[in-house]
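Single-structure report; data block below.
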Amino acid sequence: MPLTSGLRLEAANPPLSSGSRPEAANLRSTSGVISENTSLPSAVTADVADYLPEIAGEEAPTNMEARSCCASESASEDVPTNTEIEKLVQLLGTDRYRDCQYQTTLFLRRVKKGIFSPPQMEQYLGTLLEQIRTIYGGVLQDQADEMTCLQKIYGFQNIEVYADALDTFIDCIHSRTDGRLEEHRNQQKLLQAVRYIQENFSKDLNMAVVSNYVSMNYSVFSQEFKRYTGKNFVTFLKELRMEEAKRLLIETDLRVIEISQKVGYENEKHFMKTFKAAYGVSPSEFRKNMGFT
């Protein structure tokens, strides 16, 4: 879902910086729309708090680590430090990403109430977006427009619209990192599977044994293994065994039946048939031919 959907942006949005802020740090107007001719009074009136509705139906996160990253409304009015903001951003790659959404929404609500000033808002959001770019840039390569849009704070209709856009952006980050994490986990399991096969191909091995060993669903393992190695499981195992059989035929004096067992074939005839299908000659003929090299 594009973040720009439903947003009313100015034709030329100023970049995120103290210099781009509308004069007199405006964040309030009686119409609820940010205007360049509206200033923020020192004593904020009640209707400012209506810009962003209370979080209806949303329970505050119980995770103490996340809640400690930003001050609650009754705590200190200091803007969260860069370290505290980084802690929040780190949550985006976990199942606690909604804690970051909650704390960011809470901060913007306090901006509307006049607890934090526009420069403090710029500092917070600028740091937040920069941390997101630094940590998750690898999964946001096609989200450059959305990132640029969010950096232009004063191009949004009001804080509520900005908060919605930021919330959607955070959802997008979590979705992408969650997918990448699952892919990474599968790759680690497949690497583990390949190593297990290489170390145990002399045993009675099949795909069910290996998929269970790495705790992957049989069907998922079959598909992912082929994508990871470029070969299906049976072909991969057979080629590995045949390569080892060739090495033993060349480097040792072991009998064919012994080599058959060492590469995982209890049935010598099956081994000889498989070897001939792979190389065009029997194991004995292969060994004889290699004697001429």
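Residues are referred to by chain and number: the chain letter is A, B, ... according to the order shown in the structure tokens, the number counts from 1 in that chain, and ligands are numbered separately from 1 in the order shown.
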If you run DSSP on the backbone here, which positions in segment 200-293 of chain A get helix (DSSP H, G or I)? Please write them as a ChimeraX atom specification. /A:200,207-213,218-229,233-251,256-262,268-279,283-290
Can you list, as a list in words, every protein, DNA or RNA residue that comes within 12 Å of Lys269 of chain A when you count only C-alpha atoms, leaving out same-chain residues fewer than 5 positions away?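 Using only C-alpha atoms, the neighbours found are Val256, Ile257, Ser260, Gln261, Thr274, Phe275, Lys276, Ser282 and Pro283 of chain A.
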Atom pair atom CA of Leu106 of chain A + atom CA of Lys152 of chain A, distance 20.0 Å
Within 9 Å of segment 133-136 of chain A using only C-alpha atoms, minus same-chain residues under 5 positions, as a PyMOL selection string: chain A and resi 89-90+93+128+147+173+177
